[in-house]
Amino acid sequence: MPDFARRLEALRDRMASGGIPAVFLPESADLEYLTGVPRARHVTDPAWDAEIDVEGCFIGLDGDPVFLFTHSEWSLPAAAAVAPYEVLRMPAEDDPVEWLRRGARRVGADGVLAIGDRTPFRQVEALRRALPGVRFQAGSALVLELRAAKDEEEIAAIREAGAMALRALEATLGRFGSEFSRGDFLRELEYRLVQEGSERVAYAPDLYAVGPATSVVWSADVLGQPDAPIRAPAAVTVDFGAVHRGYRSDIGRTVFVGGPPPEQAEALRTVRAGQEAALAVLRPGVPAEEVDRAARDVLEEAGLGDAFWIPSGHGIGLEIHEPPRFRAGVREPVPERAVVTVEIAAWREGKTAAFWEDDVVVRATGAERLTSGPDEPYLIT
């Protein structure tokens, strides 16, 4: 089990140094990181009982965190994990404003309250009504900076999530021949992720493909083309991930259906060279934008600069997108033991599909791969 007491102590040190007596965090990855109380795994109808749907946790400078539950789907899976903490459940006849006020008083919220960034606006307004004399400020940065440097248990969980994802891809590739549909491929991949032990799909996988008889746009589901046909020869890029002990992997791969056209194979070689260039400069303390620049220089020199329109990576963990972000203008230094994706792509509508994304941990000596791909391209024949 993670050392939640240590994590809470680290948060409180940051609160004390910033003059913050209390924090309110809603159901979120921040709260899961600090306490082990999991998030709900399904989205609740936002109109449900909106007047009192203000759940979360107050954390003060000492004492137990105080959880506030109504009667929602979150309170059910959270019941076991919340056992070590104080819980205030809202009785049906209670006043929701007074209920919030009681929770805040339990932790000494006075003067300043930091609010987690995931807190819905209506919940912030309810908190304002409950605490009219308190000044609010953004609070998730307090926890995000703690989450950025992963411990070895977190790193191991992401490594295993990556291994699950790659095994699922290999199993999926074995199910298809020279012609299939986009929808069939993605459904099979989701099934294989769960079969390989993933707690769920980390995010909805997506697929983009080009070829003489193939043209699948990235947001095909939105545009009504979930079952668009893919026929050899084609280049297919897929973006997907698994979940292990709550931690995500995020992987991108290019697969050739039939013999790869020379221009597509060359684009993939360039993309992988761009990833290697980014990994070569990735180390603790380097500004995030320098990682992006290293990859982008490779693609621009090859004439693919305009096709590389995404950032070149981001942090991962309990959420699929965490700091740092590898993009121009981000000067923040990359912390040691950050787990990040390095994702390099070349996409041109109907012309080019090349994508390679791996998960790495930033060690004192540089980037250590948590996932890796074959030397030769993936091929479906």
# chains A, B, ... in the order shown; residues from 1 in each chain; ligands from 1
call {"tool": "residues_around", "arguments": {"residues": "segment 255-261 of chain A", "least_positions_apart": "5", "cutoff": "12 Å", "atoms": "only C-alpha atoms", "output": "VMD selection string"}}
result
chain A and resid 169 to 170 172 to 174 176 to 180 185 207 to 214 230 to 239 266 to 269 351 to 356 373 to 374 376 to 381
call {"tool": "write_last_selection", "arguments": {"atoms": "N, CA and C atoms", "output": "compact mmCIF listing (two decimals), in the first residue's frame"}}
result
# COMPACT_ATOMS: atom_id res chain seq x y z
N LEU A 169 -2.10 -5.23 -27.86
CA LEU A 169 -1.93 -4.87 -29.27
C LEU A 169 -1.46 -6.08 -30.07
N GLU A 170 -0.49 -6.82 -29.56
CA GLU A 170 0.00 -8.00 -30.27
C GLU A 170 -1.13 -9.00 -30.49
N THR A 172 -4.30 -8.34 -30.65
CA THR A 172 -5.25 -7.76 -31.60
C THR A 172 -4.76 -7.91 -33.03
N LEU A 173 -3.49 -7.65 -33.26
CA LEU A 173 -2.94 -7.74 -34.62
C LEU A 173 -3.10 -9.13 -35.21
N GLY A 174 -3.03 -10.13 -34.35
CA GLY A 174 -3.17 -11.50 -34.83
C GLY A 174 -4.57 -11.87 -35.27
N PHE A 176 -6.47 -10.00 -37.40
CA PHE A 176 -6.91 -9.32 -38.61
C PHE A 176 -6.01 -9.64 -39.79
N GLY A 177 -6.61 -9.53 -40.98
CA GLY A 177 -5.90 -9.74 -42.23
C GLY A 177 -5.78 -8.45 -43.01
N SER A 178 -5.83 -8.55 -44.32
CA SER A 178 -5.53 -7.40 -45.17
C SER A 178 -6.71 -6.45 -45.35
N GLU A 179 -7.87 -6.78 -44.74
CA GLU A 179 -9.02 -5.87 -44.82
C GLU A 179 -9.85 -6.02 -43.54
N PHE A 180 -10.18 -4.90 -42.93
CA PHE A 180 -11.00 -4.91 -41.71
C PHE A 180 -11.56 -3.52 -41.51
N PHE A 185 -11.43 -3.19 -35.27
CA PHE A 185 -10.09 -3.17 -34.69
C PHE A 185 -10.12 -2.58 -33.28
N LEU A 207 -7.88 5.67 -33.79
CA LEU A 207 -7.16 5.11 -34.93
C LEU A 207 -7.29 6.06 -36.12
N TYR A 208 -6.17 6.22 -36.83
CA TYR A 208 -6.14 7.03 -38.04
C TYR A 208 -5.42 6.22 -39.09
N ALA A 209 -5.88 6.23 -40.33
CA ALA A 209 -5.25 5.41 -41.35
C ALA A 209 -5.29 6.11 -42.70
N VAL A 210 -4.27 5.83 -43.52
CA VAL A 210 -4.24 6.33 -44.89
C VAL A 210 -3.75 5.22 -45.81
N GLY A 211 -4.13 5.32 -47.06
CA GLY A 211 -3.70 4.38 -48.07
C GLY A 211 -4.50 4.59 -49.34
N PRO A 212 -4.12 3.93 -50.42
CA PRO A 212 -4.83 4.14 -51.69
C PRO A 212 -6.32 3.87 -51.61
N ALA A 213 -6.72 2.88 -50.79
CA ALA A 213 -8.14 2.55 -50.65
C ALA A 213 -8.62 2.82 -49.23
N THR A 214 -7.89 3.65 -48.50
CA THR A 214 -8.19 3.89 -47.09
C THR A 214 -8.04 5.37 -46.77
N ILE A 230 -10.59 -0.42 -43.81
CA ILE A 230 -9.15 -0.29 -43.97
C ILE A 230 -8.69 -1.45 -44.85
N ARG A 231 -8.03 -1.13 -45.95
CA ARG A 231 -7.60 -2.15 -46.91
C ARG A 231 -6.12 -1.97 -47.23
N ALA A 232 -5.44 -3.10 -47.39
CA ALA A 232 -4.02 -3.06 -47.76
C ALA A 232 -3.86 -2.48 -49.17
N PRO A 233 -2.79 -1.71 -49.38
CA PRO A 233 -1.77 -1.30 -48.42
C PRO A 233 -2.23 -0.05 -47.66
N ALA A 234 -1.95 0.00 -46.37
CA ALA A 234 -2.36 1.15 -45.57
C ALA A 234 -1.40 1.31 -44.39
N ALA A 235 -1.30 2.55 -43.92
CA ALA A 235 -0.59 2.85 -42.68
C ALA A 235 -1.62 3.24 -41.63
N VAL A 236 -1.59 2.57 -40.51
CA VAL A 236 -2.58 2.75 -39.45
C VAL A 236 -1.87 3.20 -38.18
N THR A 237 -2.32 4.29 -37.58
CA THR A 237 -1.78 4.69 -36.27
C THR A 237 -2.87 4.49 -35.23
N VAL A 238 -2.46 4.00 -34.08
CA VAL A 238 -3.40 3.73 -32.99
C VAL A 238 -2.82 4.28 -31.69
N ASP A 239 -3.70 4.87 -30.88
CA ASP A 239 -3.34 5.52 -29.62
C ASP A 239 -4.20 4.88 -28.53
N GLU A 266 9.34 5.59 -44.54
CA GLU A 266 10.32 6.65 -44.27
C GLU A 266 9.78 7.63 -43.23
N ALA A 267 8.49 7.94 -43.30
CA ALA A 267 7.89 8.84 -42.29
C ALA A 267 7.99 8.22 -40.91
N LEU A 268 7.76 6.91 -40.79
CA LEU A 268 7.85 6.26 -39.49
C LEU A 268 9.29 6.26 -38.99
N ARG A 269 10.26 6.03 -39.88
CA ARG A 269 11.66 6.09 -39.45
C ARG A 269 11.99 7.48 -38.91
N LYS A 351 -2.64 11.46 -46.53
CA LYS A 351 -1.32 11.28 -47.13
C LYS A 351 -0.32 10.56 -46.23
N THR A 352 -0.29 10.93 -44.94
CA THR A 352 0.76 10.43 -44.06
C THR A 352 0.17 10.00 -42.73
N ALA A 353 0.60 8.83 -42.25
CA ALA A 353 0.22 8.36 -40.91
C ALA A 353 1.43 7.68 -40.29
N ALA A 354 2.07 8.37 -39.37
CA ALA A 354 3.22 7.80 -38.66
C ALA A 354 3.18 8.30 -37.22
N PHE A 355 3.24 7.38 -36.27
CA PHE A 355 3.04 7.75 -34.86
C PHE A 355 3.76 6.74 -33.99
N TRP A 356 4.52 7.23 -33.01
CA TRP A 356 5.19 6.35 -32.07
C TRP A 356 5.21 7.03 -30.71
N GLY A 373 9.16 -0.72 -28.36
CA GLY A 373 8.56 -1.43 -29.48
C GLY A 373 9.59 -2.24 -30.24
N PRO A 374 9.13 -3.01 -31.21
CA PRO A 374 10.05 -3.81 -32.00
C PRO A 374 10.92 -2.94 -32.91
N GLU A 376 11.60 -3.68 -36.00
CA GLU A 376 10.92 -3.70 -37.29
C GLU A 376 9.47 -3.22 -37.11
N PRO A 377 8.90 -2.59 -38.14
CA PRO A 377 7.51 -2.10 -38.00
C PRO A 377 6.51 -3.23 -37.78
N TYR A 378 5.43 -2.91 -37.09
CA TYR A 378 4.31 -3.84 -36.97
C TYR A 378 3.71 -4.05 -38.36
N LEU A 379 3.32 -5.29 -38.65
CA LEU A 379 2.85 -5.59 -40.00
C LEU A 379 1.68 -6.57 -39.91
N ILE A 380 0.59 -6.25 -40.61
CA ILE A 380 -0.53 -7.16 -40.80
C ILE A 380 -0.56 -7.53 -42.27
N THR A 381 -0.55 -8.82 -42.58
CA THR A 381 -0.55 -9.24 -43.99
C THR A 381 -1.77 -10.12 -44.26
call {"tool": "select_by_dssp", "arguments": {"residues": "segment 21-269 of chain A", "states": "strand (DSSP E)", "output": "ChimeraX atom specification"}}
result
/A:22-25,56-60,66-69,86-89,112-115,135-138,179-181,206-211,214-216,229-231,234-240,243-244,247-248,251-257
call {"tool": "atom_distance", "arguments": {"atom1": "atom CA of Leu304 of chain A", "atom2": "atom CA of Val360 of chain A"}}
result
24.4 Å
call {"tool": "closest_residue", "arguments": {"among": "A:Asp227, A:Asp250, A:Asp306, A:Asp359", "to": "Leu279 of chain A", "atoms": "only C-alpha atoms"}}
result
A:Asp359
call {"tool": "atom_distance", "arguments": {"atom1": "atom CA of Gly116 of chain A", "atom2": "atom CA of Arg200 of chain A"}}
result
25.3 Å
call {"tool": "residues_around", "arguments": {"residues": "segment 319-323 of chain A", "least_positions_apart": "3", "cutoff": "8 Å", "atoms": "only C-alpha atoms", "output": "PDB file with N, CA, C and O atoms, in the first residue's frame"}}
result
ATOM      1  N   ALA A  29      -8.297  12.609  -8.955  1.00  0.00           N
ATOM      2  CA  ALA A  29      -7.020  11.914  -8.845  1.00  0.00           C
ATOM      3  C   ALA A  29      -6.187  12.485  -7.707  1.00  0.00           C
ATOM      4  O   ALA A  29      -5.442  11.749  -7.051  1.00  0.00           O
ATOM      5  N   LEU A 144      -0.529  18.473  -7.373  1.00  0.00           N
ATOM      6  CA  LEU A 144       0.062  18.091  -8.660  1.00  0.00           C
ATOM      7  C   LEU A 144       1.582  18.045  -8.586  1.00  0.00           C
ATOM      8  O   LEU A 144       2.221  17.172  -9.175  1.00  0.00           O
ATOM      9  N   ALA A 148       3.944  14.732  -9.369  1.00  0.00           N
ATOM     10  CA  ALA A 148       4.806  14.740 -10.554  1.00  0.00           C
ATOM     11  C   ALA A 148       5.973  13.769 -10.416  1.00  0.00           C
ATOM     12  O   ALA A 148       6.331  13.066 -11.367  1.00  0.00           O
ATOM     13  N   ALA A 202      -7.840   2.770 -20.448  1.00  0.00           N
ATOM     14  CA  ALA A 202      -7.328   4.027 -19.893  1.00  0.00           C
ATOM     15  C   ALA A 202      -8.026   5.238 -20.495  1.00  0.00           C
ATOM     16  O   ALA A 202      -8.264   6.235 -19.820  1.00  0.00           O
ATOM     17  N   TYR A 203      -8.349   5.159 -21.758  1.00  0.00           N
ATOM     18  CA  TYR A 203      -9.098   6.190 -22.471  1.00  0.00           C
ATOM     19  C   TYR A 203      -9.574   5.550 -23.762  1.00  0.00           C
ATOM     20  O   TYR A 203      -9.062   4.504 -24.169  1.00  0.00           O
ATOM     21  N   TYR A 247      -3.170   3.313 -12.249  1.00  0.00           N
ATOM     22  CA  TYR A 247      -2.204   4.088 -13.031  1.00  0.00           C
ATOM     23  C   TYR A 247      -2.293   3.739 -14.506  1.00  0.00           C
ATOM     24  O   TYR A 247      -2.435   2.574 -14.877  1.00  0.00           O
ATOM     25  N   ARG A 248      -2.175   4.774 -15.340  1.00  0.00           N
ATOM     26  CA  ARG A 248      -2.378   4.633 -16.781  1.00  0.00           C
ATOM     27  C   ARG A 248      -1.072   4.446 -17.537  1.00  0.00           C
ATOM     28  O   ARG A 248      -0.038   4.981 -17.139  1.00  0.00           O
ATOM     29  N   SER A 249      -1.161   3.731 -18.642  1.00  0.00           N
ATOM     30  CA  SER A 249      -0.131   3.799 -19.676  1.00  0.00           C
ATOM     31  C   SER A 249      -0.744   4.513 -20.879  1.00  0.00           C
ATOM     32  O   SER A 249      -1.969   4.603 -21.013  1.00  0.00           O
ATOM     33  N   ASP A 250       0.113   5.035 -21.735  1.00  0.00           N
ATOM     34  CA  ASP A 250      -0.331   5.786 -22.913  1.00  0.00           C
ATOM     35  C   ASP A 250       0.651   5.470 -24.025  1.00  0.00           C
ATOM     36  O   ASP A 250       1.822   5.862 -23.953  1.00  0.00           O
ATOM     37  N   HIS A 314       3.787  14.322 -22.529  1.00  0.00           N
ATOM     38  CA  HIS A 314       3.165  14.838 -21.309  1.00  0.00           C
ATOM     39  C   HIS A 314       3.363  13.831 -20.193  1.00  0.00           C
ATOM     40  O   HIS A 314       3.704  12.660 -20.423  1.00  0.00           O
ATOM     41  N   GLY A 315       3.129  14.274 -18.966  1.00  0.00           N
ATOM     42  CA  GLY A 315       3.171  13.374 -17.840  1.00  0.00           C
ATOM     43  C   GLY A 315       1.977  12.438 -17.817  1.00  0.00           C
ATOM     44  O   GLY A 315       0.915  12.732 -18.383  1.00  0.00           O
ATOM     45  N   ILE A 316       2.150  11.283 -17.166  1.00  0.00           N
ATOM     46  CA  ILE A 316       1.054  10.338 -16.958  1.00  0.00           C
ATOM     47  C   ILE A 316       1.131   9.806 -15.531  1.00  0.00           C
ATOM     48  O   ILE A 316       2.159   9.907 -14.861  1.00  0.00           O
TER      49      ILE A 316
END
call {"tool": "closest_residue", "arguments": {"among": "A:Lys150, A:Arg7, A:Arg327, A:Arg106", "to": "Gly36 of chain A", "atoms": "only C-alpha atoms"}}
result
A:Arg7
call {"tool": "residues_around", "arguments": {"residues": "Trp99 of chain A", "least_positions_apart": "6", "cutoff": "9 Å", "atoms": "only C-alpha atoms", "output": "list in words"}}
result
Leu68, Leu88, Arg89, Met90 and Ala130 of chain A
call {"tool": "select_by_dssp", "arguments": {"residues": "segment 154-263 of chain A", "states": "helix (DSSP H, G or I)", "output": "NGL selection string"}}
result
:A and (154-173 or 182-195 or 262-263)
call {"tool": "closest_residue", "arguments": {"among": "A:Arg147, A:Arg129, A:Arg6, A:Arg159", "to": "Pro324 of chain A", "atoms": "only C-alpha atoms"}}
result
A:Arg147
call {"tool": "closest_residue", "arguments": {"among": "A:Ala22, A:Leu166, A:Val54, A:Ala80", "to": "Phe136 of chain A", "atoms": "only C-alpha atoms"}}
result
A:Ala22
call {"tool": "closest_residue", "arguments": {"among": "A:Val216, A:Ala345, A:Ala228, A:Cys57", "to": "Asp184 of chain A", "atoms": "only C-alpha atoms"}}
result
A:Ala228
